[in-house]
>>> print(open('start.txt').read())   # compact mmCIF, C-alpha atoms
# COMPACT_ATOMS: atom_id res chain seq x y z
CA MET A 9 45.87 85.36 60.09
CA LYS A 10 43.72 87.95 61.84
CA ILE A 11 45.06 88.87 65.27
CA ILE A 12 42.86 90.37 67.99
CA HIS A 13 44.45 92.25 70.87
CA THR A 14 43.82 95.09 73.30
CA ASP A 15 46.18 97.14 75.42
CA ARG A 16 43.65 96.83 78.24
CA HIS A 17 45.49 93.66 79.27
CA ARG A 18 47.95 96.01 81.00
CA LEU A 19 45.27 96.81 83.58
CA ARG A 20 46.11 93.39 85.06
CA ALA A 21 49.47 94.31 86.57
CA SER A 22 49.55 92.56 89.93
CA LYS A 23 52.63 92.89 92.10
CA THR A 24 52.42 89.65 94.07
CA GLU A 25 52.37 85.91 93.45
CA LEU A 26 52.68 83.35 96.23
CA SER A 27 55.45 80.96 95.14
CA GLY A 28 57.86 78.81 97.13
CA GLY A 29 56.62 80.33 100.36
CA GLU A 30 57.42 83.86 99.21
CA LEU A 31 55.58 86.73 97.60
CA ILE A 32 57.38 87.27 94.30
CA ALA A 33 56.88 89.29 91.13
CA PRO A 34 54.28 87.34 89.11
CA HIS A 35 55.29 85.00 86.30
CA GLU A 36 52.10 86.11 84.51
CA CYS A 37 53.02 89.69 83.62
CA PRO A 38 52.20 92.31 80.96
CA GLU A 39 55.62 91.87 79.34
CA ARG A 40 54.52 88.47 78.04
CA VAL A 41 52.16 90.09 75.55
CA GLU A 42 54.65 92.78 74.57
CA HIS A 43 57.17 90.11 73.51
CA ILE A 44 54.53 88.32 71.43
CA LEU A 45 53.45 91.55 69.73
CA ALA A 46 57.06 92.47 68.98
CA GLU A 47 57.71 89.08 67.37
CA LEU A 48 54.49 89.24 65.35
CA ARG A 49 55.41 92.65 63.95
CA LYS A 50 59.02 91.59 63.34
CA ARG A 51 57.77 88.82 61.07
CA GLY A 52 55.27 91.00 59.24
CA HIS A 53 52.05 90.01 61.00
CA THR A 54 50.43 93.43 61.18
CA ASP A 55 46.72 92.60 60.79
CA ILE A 56 46.12 93.33 64.49
CA VAL A 57 42.71 94.67 65.47
CA GLU A 58 40.92 95.78 68.61
CA PRO A 59 38.11 93.56 69.88
CA ASP A 60 34.47 94.53 69.65
CA ASP A 61 32.58 94.75 72.93
CA TRP A 62 30.06 91.90 73.04
CA GLY A 63 28.95 92.70 76.57
CA MET A 64 28.30 90.30 79.42
CA GLY A 65 26.16 87.90 77.43
CA PRO A 66 28.94 85.57 76.16
CA ILE A 67 30.57 85.53 79.62
CA LEU A 68 27.34 84.58 81.38
CA ARG A 69 26.79 81.74 78.92
CA VAL A 70 29.77 80.06 80.59
CA HIS A 71 30.21 81.53 84.06
CA ASP A 72 27.96 81.66 87.12
CA ALA A 73 26.43 85.11 87.55
CA ASP A 74 27.31 85.35 91.26
CA PHE A 75 30.93 84.49 90.46
CA VAL A 76 31.08 87.18 87.80
CA ASP A 77 29.61 89.67 90.26
CA PHE A 78 32.31 88.68 92.76
CA LEU A 79 35.07 89.35 90.21
CA GLN A 80 33.57 92.75 89.46
CA THR A 81 33.35 93.83 93.10
CA CYS A 82 36.19 91.95 94.82
CA TRP A 83 38.83 94.68 94.64
CA ALA A 84 36.51 97.39 95.94
CA GLU A 85 35.36 95.16 98.83
CA TRP A 86 38.94 94.21 99.65
CA LYS A 87 40.06 97.84 99.82
CA ALA A 88 36.95 98.88 101.76
CA ASP A 89 37.86 96.26 104.38
CA GLY A 90 41.11 98.16 105.00
CA ASN A 91 43.58 95.74 103.39
CA ALA A 92 46.87 97.23 102.24
CA GLY A 93 48.07 94.52 99.84
CA GLU A 94 46.50 92.60 96.99
CA ALA A 95 43.62 90.20 97.56
CA ILE A 96 44.86 86.64 98.22
CA ALA A 97 42.72 83.77 99.46
CA THR A 98 43.74 82.27 102.81
CA THR A 99 40.93 79.81 103.58
CA TRP A 100 38.83 77.36 101.56
CA PRO A 101 35.78 75.10 101.94
CA SER A 102 37.80 71.87 102.18
CA ARG A 103 36.88 68.18 102.41
CA ARG A 104 35.89 68.43 106.09
CA MET A 105 33.90 71.66 105.65
CA PRO A 106 30.67 70.77 103.83
CA ARG A 107 28.93 74.12 104.45
CA MET A 108 29.02 75.30 100.82
CA LYS A 109 27.62 78.78 101.29
CA VAL A 110 29.17 82.04 100.09
CA PRO A 111 30.28 83.97 103.21
CA ARG A 112 29.49 87.68 103.61
CA HIS A 113 33.09 88.70 104.39
CA ILE A 114 35.53 89.28 101.54
CA ASP A 115 38.04 86.80 103.02
CA GLY A 116 35.41 84.09 102.85
CA LYS A 117 34.30 85.07 99.37
CA LEU A 118 37.88 84.87 98.11
CA GLY A 119 38.29 81.37 99.49
CA TYR A 120 34.94 80.21 98.17
CA TYR A 121 35.70 81.27 94.61
CA CYS A 122 39.47 80.61 94.53
CA LEU A 123 41.12 77.33 93.48
CA ALA A 124 44.76 78.32 94.12
CA SER A 125 46.28 81.05 96.26
CA GLU A 126 49.15 81.96 93.95
CA THR A 127 46.78 84.24 92.09
CA SER A 128 46.08 87.60 93.67
CA ILE A 129 43.32 89.97 92.62
CA SER A 130 44.50 93.52 92.13
CA GLU A 131 43.22 96.82 90.80
CA GLY A 132 42.23 96.44 87.14
CA THR A 133 41.95 92.65 87.23
CA TRP A 134 38.27 92.56 86.31
CA GLU A 135 38.66 95.13 83.54
CA ALA A 136 41.52 93.16 81.95
CA ALA A 137 39.71 89.82 82.28
CA TYR A 138 36.57 91.31 80.71
CA ALA A 139 38.64 92.69 77.83
CA ALA A 140 40.33 89.31 77.29
CA ALA A 141 36.93 87.64 76.99
CA GLN A 142 35.95 90.20 74.35
CA VAL A 143 39.17 89.39 72.46
CA ALA A 144 38.22 85.70 72.45
CA VAL A 145 34.65 86.31 71.28
CA THR A 146 35.84 88.67 68.54
CA GLY A 147 38.24 85.97 67.35
CA ALA A 148 35.45 83.40 67.23
CA LYS A 149 33.25 85.82 65.27
CA ALA A 150 36.06 86.41 62.75
CA VAL A 151 36.45 82.67 62.13
CA LYS A 152 32.69 82.24 61.90
CA ARG A 153 32.62 84.99 59.22
CA GLY A 154 35.06 82.99 57.08
CA GLU A 155 38.60 83.55 58.31
CA ARG A 156 40.53 80.28 58.11
CA ALA A 157 42.09 81.08 61.48
CA ALA A 158 42.43 83.85 64.03
CA PHE A 159 44.66 84.48 67.02
CA ALA A 160 43.02 85.84 70.16
CA LEU A 161 45.95 87.33 72.04
CA CYS A 162 44.24 87.11 75.42
CA ARG A 163 45.68 88.20 78.72
CA PRO A 164 45.04 87.28 81.47
CA PRO A 165 44.81 83.64 80.40
CA GLY A 166 41.69 81.63 81.12
CA HIS A 167 41.81 77.83 80.97
CA HIS A 168 42.02 77.27 84.75
CA ALA A 169 38.88 79.34 85.40
CA ALA A 170 35.83 77.12 85.95
CA GLN A 171 32.17 78.14 86.02
CA ASP A 172 32.65 79.71 89.46
CA MET A 173 36.36 79.55 90.33
CA PHE A 174 39.48 81.58 89.55
CA GLY A 175 43.13 80.68 89.98
CA GLY A 176 46.20 79.64 88.03
CA TYR A 177 46.41 83.27 86.82
CA CYS A 178 42.93 82.85 85.24
CA PHE A 179 39.63 84.64 85.95
CA LEU A 180 37.34 84.16 82.94
CA ASN A 181 37.73 81.14 80.67
CA ASN A 182 38.43 82.75 77.31
CA ALA A 183 38.65 79.48 75.37
CA ALA A 184 35.39 78.18 76.82
CA ILE A 185 33.65 81.50 76.12
CA ALA A 186 34.89 81.31 72.52
CA ALA A 187 33.77 77.68 72.15
CA GLN A 188 30.30 78.54 73.44
CA SER A 189 30.21 81.52 71.07
CA PHE A 190 30.81 79.15 68.15
CA ARG A 191 27.95 76.98 69.38
CA ASP A 192 25.64 79.94 69.78
CA ALA A 193 26.49 81.07 66.25
CA GLY A 194 25.38 77.75 64.78
CA ALA A 195 28.29 75.32 65.13
CA ILE A 196 26.94 71.85 65.90
CA ARG A 197 30.18 70.51 67.37
CA VAL A 198 33.27 72.31 68.67
CA ALA A 199 36.58 70.80 69.76
CA VAL A 200 38.85 72.50 72.32
CA LEU A 201 42.45 71.29 72.29
CA ASP A 202 44.57 72.49 75.22
CA VAL A 203 48.32 72.34 74.52
CA ASP A 204 49.35 74.39 77.55
CA PHE A 205 51.71 72.58 79.94
CA HIS A 206 49.10 72.70 82.71
CA HIS A 207 45.82 70.84 82.53
CA GLY A 208 42.86 72.99 81.50
CA ASN A 209 40.83 72.05 84.56
CA GLY A 210 38.41 74.94 84.14
CA THR A 211 37.56 74.11 80.54
CA GLN A 212 37.10 70.46 81.45
CA ALA A 213 34.74 71.35 84.29
CA ILE A 214 32.64 73.62 82.07
CA PHE A 215 32.07 71.05 79.32
CA TYR A 216 32.40 67.76 81.22
CA ASP A 217 28.76 66.69 80.84
CA ARG A 218 28.33 67.85 77.24
CA ASP A 219 28.78 66.10 73.90
CA ASP A 220 28.66 69.23 71.74
CA VAL A 221 32.11 70.38 72.92
CA PHE A 222 34.93 67.81 72.90
CA PHE A 223 37.73 68.82 75.29
CA LEU A 224 41.23 67.36 74.94
CA SER A 225 44.28 68.32 77.03
CA ILE A 226 47.97 67.38 76.79
CA HIS A 227 49.68 68.32 80.04
CA GLY A 228 52.02 67.56 82.91
CA ASP A 229 50.86 64.64 85.02
CA PRO A 230 48.72 66.09 87.85
CA ASP A 231 50.59 63.87 90.31
CA ASP A 232 53.57 66.13 89.60
CA ALA A 233 52.13 69.38 88.27
CA PHE A 234 49.52 72.07 88.92
CA PRO A 235 46.52 71.90 89.22
CA HIS A 236 47.14 68.47 90.80
CA PHE A 237 43.52 67.48 91.41
CA LEU A 238 42.24 67.07 87.85
CA GLY A 239 43.65 65.82 84.56
CA GLY A 240 43.80 62.01 84.80
CA MET A 241 43.29 59.65 81.88
CA ASP A 242 40.24 58.18 83.62
CA GLU A 243 38.35 61.49 83.36
CA THR A 244 36.37 60.90 80.17
CA GLY A 245 33.21 62.92 80.77
CA GLU A 246 29.89 62.12 82.38
CA GLY A 247 26.27 61.83 81.27
CA ARG A 248 25.92 63.04 77.70
CA GLY A 249 29.57 64.03 77.87
CA ASP A 250 30.86 60.51 78.46
CA GLY A 251 33.60 59.92 75.89
CA PHE A 252 33.97 63.59 75.01
CA ASN A 253 36.78 64.46 77.42
CA ALA A 254 40.31 63.21 76.80
CA ASN A 255 43.38 63.81 78.96
CA TYR A 256 47.00 63.04 78.10
CA PRO A 257 49.03 63.39 81.33
CA LEU A 258 52.77 63.17 80.60
CA PRO A 259 55.78 62.74 82.92
CA PRO A 260 58.60 65.10 83.90
CA GLY A 261 61.26 65.52 81.23
CA CYS A 262 58.85 64.61 78.42
CA PRO A 263 60.56 65.22 75.03
CA TYR A 264 58.82 66.32 71.87
CA ASP A 265 58.65 62.87 70.28
CA LYS A 266 56.56 61.56 73.19
CA TRP A 267 54.52 64.76 73.42
CA SER A 268 53.77 64.66 69.68
CA GLU A 269 52.55 61.05 69.97
CA ALA A 270 49.88 62.33 72.33
CA LEU A 271 49.13 65.20 69.95
CA ASP A 272 48.76 62.81 67.00
CA ASP A 273 46.27 60.71 68.95
CA ALA A 274 44.34 63.83 69.97
CA LEU A 275 44.21 65.07 66.38
CA THR A 276 42.94 61.71 65.18
CA ARG A 277 40.15 61.86 67.73
CA ILE A 278 39.31 65.42 66.74
CA MET A 279 38.97 64.44 63.08
CA MET A 280 36.73 61.50 64.02
CA TYR A 281 34.57 63.94 65.98
CA SER A 282 34.34 66.17 62.87
CA PRO A 283 33.88 69.54 64.59
CA ASP A 284 32.67 72.67 62.86
CA ALA A 285 35.34 74.70 64.65
CA LEU A 286 38.51 74.08 66.63
CA VAL A 287 39.68 76.19 69.59
CA ILE A 288 43.34 75.85 70.59
CA SER A 289 44.23 76.83 74.14
CA LEU A 290 47.72 77.92 73.15
CA GLY A 291 50.10 77.78 76.08
CA VAL A 292 53.79 77.69 75.15
CA ASP A 293 54.99 76.79 78.65
CA THR A 294 55.87 73.35 77.27
CA PHE A 295 59.15 75.02 76.25
CA GLU A 296 62.32 73.43 77.61
CA ARG A 297 63.39 76.55 79.53
CA ASP A 298 60.02 77.56 80.96
CA PRO A 299 60.52 78.31 84.68
CA ILE A 300 57.35 76.59 85.94
CA SER A 301 57.07 73.45 83.80
CA PHE A 302 59.03 70.29 83.02
CA PHE A 303 58.57 69.42 79.33
CA LYS A 304 61.41 69.69 76.81
CA LEU A 305 60.00 71.18 73.62
CA THR A 306 62.35 73.36 71.57
CA SER A 307 61.40 76.40 69.52
CA ASP A 308 61.46 74.35 66.30
CA ASP A 309 59.02 71.88 67.83
CA PHE A 310 56.40 74.61 68.09
CA THR A 311 56.63 75.14 64.33
CA ASP A 312 56.24 71.42 63.74
CA TYR A 313 53.12 71.01 65.82
CA GLY A 314 51.63 74.19 64.36
CA ARG A 315 51.99 72.51 60.99
CA LYS A 316 50.16 69.44 62.28
CA LEU A 317 47.31 71.63 63.48
CA GLY A 318 47.13 73.35 60.11
CA LYS A 319 46.87 70.06 58.25
CA LEU A 320 43.54 69.38 59.94
CA GLY A 321 42.00 72.00 57.65
CA LEU A 322 39.52 73.13 60.31
CA PRO A 323 38.32 76.67 61.05
CA THR A 324 40.60 77.41 63.99
CA LEU A 325 40.81 79.96 66.77
CA PHE A 326 44.02 80.19 68.80
CA VAL A 327 43.46 81.56 72.31
CA MET A 328 46.57 82.59 74.25
CA GLU A 329 47.13 80.87 77.58
CA GLY A 330 50.44 80.35 79.40
CA GLY A 331 54.14 80.66 78.66
CA TYR A 332 56.54 82.14 81.18
CA ALA A 333 59.95 81.99 79.55
CA VAL A 334 59.31 85.61 78.67
CA ALA A 335 62.34 86.09 76.42
CA GLU A 336 61.24 83.24 74.14
CA ILE A 337 57.45 83.48 74.42
CA GLY A 338 57.16 85.54 71.26
CA VAL A 339 59.29 83.23 69.12
CA ASN A 340 57.50 80.10 70.32
CA THR A 341 54.01 81.55 69.93
CA VAL A 342 54.60 82.89 66.43
CA ASN A 343 56.30 79.62 65.43
CA VAL A 344 53.02 77.79 66.13
CA LEU A 345 51.00 80.30 64.11
CA GLU A 346 53.40 80.26 61.15
CA GLY A 347 53.63 76.48 61.23
CA PHE A 348 49.84 76.43 60.99
CA GLU A 349 49.75 78.93 58.13
CA ASN A 350 52.41 77.08 56.15
CA ALA A 351 50.91 73.60 56.55
>>> encode(input="start.txt", output="structure tokens")
Amino acid sequence: MKIIHTDRHRLRASKTELSGGELIAPHECPERVEHILAELRKRGHTDIVEPDDWGMGPILRVHDADFVDFLQTCWAEWKADGNAGEAIATTWPSRRMPRMKVPRHIDGKLGYYCLASETSISEGTWEAAYAAAQVAVTGAKAVKRGERAAFALCRPPGHHAAQDMFGGYCFLNNAAIAAQSFRDAGAIRVAVLDVDFHHGNGTQAIFYDRDDVFFLSIHGDPDDAFPHFLGGMDETGEGRGDGFNANYPLPPGCPYDKWSEALDDALTRIMMYSPDALVISLGVDTFERDPISFFKLTSDDFTDYGRKLGKLGLPTLFVMEGGYAVAEIGVNTVNVLEGFENA
């Protein structure tokens, strides 16, 4: 399996995350990727290549241009305003504030474009996010050229980023950018399956009114888990997209047998859809010891569901998302990939 990766992910090295009322060292850290790379090399997966630079075009096919401009300039504006720490949103246009206009001041811009304040913007954030998008597009191009599968080792992750919102450690939606790249390269239908613990709210928002991209997500019930305000079973798409969005919210303590029932249903629906390509938003924070989730998958379970994905026989791109049990993230990620390869 071809693996695409760039060391530019290290440019995203924020020092702060708002969690439990404290500013802590972020769960989403550069070490996550280093553990995955180490496990890949340990098991002989050495076909690791740098991404090509596809420019802003693929990004702007998915994201609002003003939002992208904000991401590019936010850090410089924040520092120019005299702020000593990292950029964290403190105010939002809420239900009782209908004036949906982008403010001039950087505080207002942060709140306008932010969906969750745990995610700070720091020096190098834009550069790393841009590089991650190039990793995803390069992976899609490799699959389009005939690779059975590819692994886009993206960081920062992307599935919480909507057309014009960042948060949940995400800035640009790598999986959505890859899915659109497949479409632009001639794929008639693309399926995006999100197996991260958290609902892929950004990916859902991007494709919610479309029938050419079928989005499916298996995740912690939003009544109990981030992002809380999206991810219900009743969200099935709208307009042309009606019937092409499927959510599987699952309860705290969910074991693999229940999780895999949802996966089996999702895979059946994917095969009925008959896509030309499959994008997997691969978060391994469903692991039983992940610090910010509540599912109970074991390391062997990741191999098993990788095998199920492989049996679909579809051209497949894996795009890295979450996973915060850093010591095990490499084992669990590579287990999925090897399960797929050995199906």
>>> atom_distance(input="start.txt", atom1="CA of Thr146 (chain A)", atom2="CA of Glu58 (chain A)")
8.7 Å
>>> residues_near_point(input="start.txt", point="(40.1, 67.3, 85.1)", cutoff="9 Å", atoms="only C-alpha atoms", output="PyMOL selection string")
chain A and resi 207-213+216+235+237-241+243-244+253+255
>>> atom_distance(input="start.txt", atom1="CA of His71 (chain A)", atom2="CA of Gly228 (chain A)")
25.9 Å
>>> atom_distance(input="start.txt", atom1="CA of Gly65 (chain A)", atom2="CA of Val151 (chain A)")
19.2 Å
>>> closest_atom_pairs(input="start.txt", of="region 224-325 of chain A", to="region 24-44 of chain A", cutoff="12 Å", atoms="only C-alpha atoms", output="Markdown table")
| residue | atom | partner | partner_atom | distance |
| --- | --- | --- | --- | --- |
| A:Gly291 | CA | A:Arg40 | CA | 11.7 |
| A:Val292 | CA | A:Arg40 | CA | 11.2 |
| A:Asp293 | CA | A:His35 | CA | 11.2 |
| A:Asp298 | CA | A:His35 | CA | 10.3 |
| A:Pro299 | CA | A:His35 | CA | 8.6 |
| A:Ile300 | CA | A:His35 | CA | 8.7 |
| A:Ser301 | CA | A:His35 | CA | 12.0 |
>>> decode(input="start.txt", residues="region 41-54 of chain A", atoms="all heavy atoms", output="PDB file, in the first residue's frame")
ATOM      1  N   VAL A  41       1.933  11.033  14.835  1.00  0.00           N
ATOM      2  CA  VAL A  41       2.417  10.583  13.534  1.00  0.00           C
ATOM      3  C   VAL A  41       3.717   9.804  13.668  1.00  0.00           C
ATOM      4  O   VAL A  41       3.938   8.810  12.949  1.00  0.00           O
ATOM      5  CB  VAL A  41       2.579  11.783  12.587  1.00  0.00           C
ATOM      6  CG1 VAL A  41       3.358  11.391  11.335  1.00  0.00           C
ATOM      7  CG2 VAL A  41       1.216  12.333  12.197  1.00  0.00           C
ATOM      8  N   GLU A  42       4.576  10.219  14.581  1.00  0.00           N
ATOM      9  CA  GLU A  42       5.850   9.519  14.737  1.00  0.00           C
ATOM     10  C   GLU A  42       5.629   8.071  15.160  1.00  0.00           C
ATOM     11  O   GLU A  42       6.341   7.159  14.697  1.00  0.00           O
ATOM     12  CB  GLU A  42       6.729  10.256  15.757  1.00  0.00           C
ATOM     13  CG  GLU A  42       6.998  11.714  15.423  1.00  0.00           C
ATOM     14  CD  GLU A  42       7.489  11.931  13.999  1.00  0.00           C
ATOM     15  OE1 GLU A  42       8.296  11.123  13.506  1.00  0.00           O
ATOM     16  OE2 GLU A  42       7.049  12.908  13.361  1.00  0.00           O
ATOM     17  N   HIS A  43       4.642   7.822  16.022  1.00  0.00           N
ATOM     18  CA  HIS A  43       4.337   6.450  16.435  1.00  0.00           C
ATOM     19  C   HIS A  43       3.784   5.631  15.265  1.00  0.00           C
ATOM     20  O   HIS A  43       4.092   4.437  15.137  1.00  0.00           O
ATOM     21  CB  HIS A  43       3.334   6.459  17.593  1.00  0.00           C
ATOM     22  CG  HIS A  43       3.953   6.743  18.925  1.00  0.00           C
ATOM     23  ND1 HIS A  43       4.449   5.744  19.733  1.00  0.00           N
ATOM     24  CD2 HIS A  43       4.163   7.899  19.587  1.00  0.00           C
ATOM     25  CE1 HIS A  43       4.932   6.272  20.845  1.00  0.00           C
ATOM     26  NE2 HIS A  43       4.770   7.585  20.777  1.00  0.00           N
ATOM     27  N   ILE A  44       2.969   6.240  14.428  1.00  0.00           N
ATOM     28  CA  ILE A  44       2.435   5.529  13.264  1.00  0.00           C
ATOM     29  C   ILE A  44       3.556   5.188  12.291  1.00  0.00           C
ATOM     30  O   ILE A  44       3.652   4.055  11.800  1.00  0.00           O
ATOM     31  CB  ILE A  44       1.345   6.372  12.576  1.00  0.00           C
ATOM     32  CG1 ILE A  44       0.141   6.558  13.512  1.00  0.00           C
ATOM     33  CG2 ILE A  44       0.899   5.707  11.278  1.00  0.00           C
ATOM     34  CD1 ILE A  44      -0.887   7.568  13.023  1.00  0.00           C
ATOM     35  N   LEU A  45       4.423   6.152  12.015  1.00  0.00           N
ATOM     36  CA  LEU A  45       5.545   5.894  11.105  1.00  0.00           C
ATOM     37  C   LEU A  45       6.451   4.793  11.639  1.00  0.00           C
ATOM     38  O   LEU A  45       6.896   3.915  10.879  1.00  0.00           O
ATOM     39  CB  LEU A  45       6.351   7.175  10.904  1.00  0.00           C
ATOM     40  CG  LEU A  45       5.722   8.255  10.029  1.00  0.00           C
ATOM     41  CD1 LEU A  45       6.529   9.539  10.120  1.00  0.00           C
ATOM     42  CD2 LEU A  45       5.602   7.792   8.574  1.00  0.00           C
ATOM     43  N   ALA A  46       6.716   4.825  12.934  1.00  0.00           N
ATOM     44  CA  ALA A  46       7.586   3.805  13.522  1.00  0.00           C
ATOM     45  C   ALA A  46       6.979   2.412  13.371  1.00  0.00           C
ATOM     46  O   ALA A  46       7.688   1.442  13.046  1.00  0.00           O
ATOM     47  CB  ALA A  46       7.829   4.119  15.002  1.00  0.00           C
ATOM     48  N   GLU A  47       5.667   2.298  13.567  1.00  0.00           N
ATOM     49  CA  GLU A  47       5.016   0.995  13.449  1.00  0.00           C
ATOM     50  C   GLU A  47       4.975   0.536  11.989  1.00  0.00           C
ATOM     51  O   GLU A  47       5.155  -0.653  11.692  1.00  0.00           O
ATOM     52  CB  GLU A  47       3.607   1.057  14.028  1.00  0.00           C
ATOM     53  CG  GLU A  47       2.912  -0.290  14.152  1.00  0.00           C
ATOM     54  CD  GLU A  47       3.549  -1.212  15.177  1.00  0.00           C
ATOM     55  OE1 GLU A  47       4.238  -0.715  16.100  1.00  0.00           O
ATOM     56  OE2 GLU A  47       3.341  -2.438  15.062  1.00  0.00           O
ATOM     57  N   LEU A  48       4.728   1.469  11.080  1.00  0.00           N
ATOM     58  CA  LEU A  48       4.752   1.117   9.660  1.00  0.00           C
ATOM     59  C   LEU A  48       6.116   0.545   9.274  1.00  0.00           C
ATOM     60  O   LEU A  48       6.207  -0.517   8.623  1.00  0.00           O
ATOM     61  CB  LEU A  48       4.445   2.354   8.813  1.00  0.00           C
ATOM     62  CG  LEU A  48       2.987   2.822   8.755  1.00  0.00           C
ATOM     63  CD1 LEU A  48       2.904   4.225   8.180  1.00  0.00           C
ATOM     64  CD2 LEU A  48       2.132   1.857   7.927  1.00  0.00           C
ATOM     65  N   ARG A  49       7.178   1.213   9.649  1.00  0.00           N
ATOM     66  CA  ARG A  49       8.519   0.770   9.278  1.00  0.00           C
ATOM     67  C   ARG A  49       8.885  -0.532   9.981  1.00  0.00           C
ATOM     68  O   ARG A  49       9.536  -1.405   9.384  1.00  0.00           O
ATOM     69  CB  ARG A  49       9.520   1.879   9.601  1.00  0.00           C
ATOM     70  CG  ARG A  49       9.369   3.078   8.649  1.00  0.00           C
ATOM     71  CD  ARG A  49      10.127   4.287   9.107  1.00  0.00           C
ATOM     72  NE  ARG A  49      10.040   5.380   8.127  1.00  0.00           N
ATOM     73  CZ  ARG A  49       9.983   6.656   8.433  1.00  0.00           C
ATOM     74  NH1 ARG A  49      10.015   7.049   9.715  1.00  0.00           N
ATOM     75  NH2 ARG A  49       9.889   7.574   7.487  1.00  0.00           N
ATOM     76  N   LYS A  50       8.435  -0.681  11.211  1.00  0.00           N
ATOM     77  CA  LYS A  50       8.694  -1.921  11.968  1.00  0.00           C
ATOM     78  C   LYS A  50       8.116  -3.124  11.243  1.00  0.00           C
ATOM     79  O   LYS A  50       8.700  -4.210  11.249  1.00  0.00           O
ATOM     80  CB  LYS A  50       8.089  -1.783  13.365  1.00  0.00           C
ATOM     81  CG  LYS A  50       8.203  -3.022  14.234  1.00  0.00           C
ATOM     82  CD  LYS A  50       7.530  -2.788  15.578  1.00  0.00           C
ATOM     83  CE  LYS A  50       7.517  -4.052  16.421  1.00  0.00           C
ATOM     84  NZ  LYS A  50       6.811  -3.822  17.722  1.00  0.00           N
ATOM     85  N   ARG A  51       6.973  -2.941  10.591  1.00  0.00           N
ATOM     86  CA  ARG A  51       6.312  -4.055   9.912  1.00  0.00           C
ATOM     87  C   ARG A  51       6.640  -4.112   8.417  1.00  0.00           C
ATOM     88  O   ARG A  51       6.024  -4.864   7.672  1.00  0.00           O
ATOM     89  CB  ARG A  51       4.806  -3.957  10.103  1.00  0.00           C
ATOM     90  CG  ARG A  51       4.360  -3.990  11.554  1.00  0.00           C
ATOM     91  CD  ARG A  51       2.905  -4.383  11.661  1.00  0.00           C
ATOM     92  NE  ARG A  51       2.261  -3.813  12.832  1.00  0.00           N
ATOM     93  CZ  ARG A  51       0.971  -3.963  13.115  1.00  0.00           C
ATOM     94  NH1 ARG A  51       0.186  -4.646  12.298  1.00  0.00           N
ATOM     95  NH2 ARG A  51       0.443  -3.400  14.197  1.00  0.00           N
ATOM     96  N   GLY A  52       7.612  -3.323   7.992  1.00  0.00           N
ATOM     97  CA  GLY A  52       8.083  -3.430   6.621  1.00  0.00           C
ATOM     98  C   GLY A  52       7.355  -2.595   5.595  1.00  0.00           C
ATOM     99  O   GLY A  52       7.541  -2.794   4.386  1.00  0.00           O
ATOM    100  N   HIS A  53       6.550  -1.648   6.036  1.00  0.00           N
ATOM    101  CA  HIS A  53       5.838  -0.770   5.108  1.00  0.00           C
ATOM    102  C   HIS A  53       6.719   0.456   4.845  1.00  0.00           C
ATOM    103  O   HIS A  53       6.666   1.448   5.574  1.00  0.00           O
ATOM    104  CB  HIS A  53       4.496  -0.352   5.682  1.00  0.00           C
ATOM    105  CG  HIS A  53       3.586  -1.508   5.960  1.00  0.00           C
ATOM    106  ND1 HIS A  53       2.844  -2.130   4.977  1.00  0.00           N
ATOM    107  CD2 HIS A  53       3.308  -2.171   7.118  1.00  0.00           C
ATOM    108  CE1 HIS A  53       2.137  -3.107   5.508  1.00  0.00           C
ATOM    109  NE2 HIS A  53       2.405  -3.165   6.805  1.00  0.00           N
ATOM    110  N   THR A  54       7.509   0.372   3.809  1.00  0.00           N
ATOM    111  CA  THR A  54       8.510   1.419   3.567  1.00  0.00           C
ATOM    112  C   THR A  54       8.247   2.225   2.305  1.00  0.00           C
ATOM    113  O   THR A  54       9.040   3.099   1.954  1.00  0.00           O
ATOM    114  CB  THR A  54       9.910   0.777   3.466  1.00  0.00           C
ATOM    115  OG1 THR A  54       9.896  -0.219   2.426  1.00  0.00           O
ATOM    116  CG2 THR A  54      10.293   0.116   4.792  1.00  0.00           C
TER     117      THR A  54
END
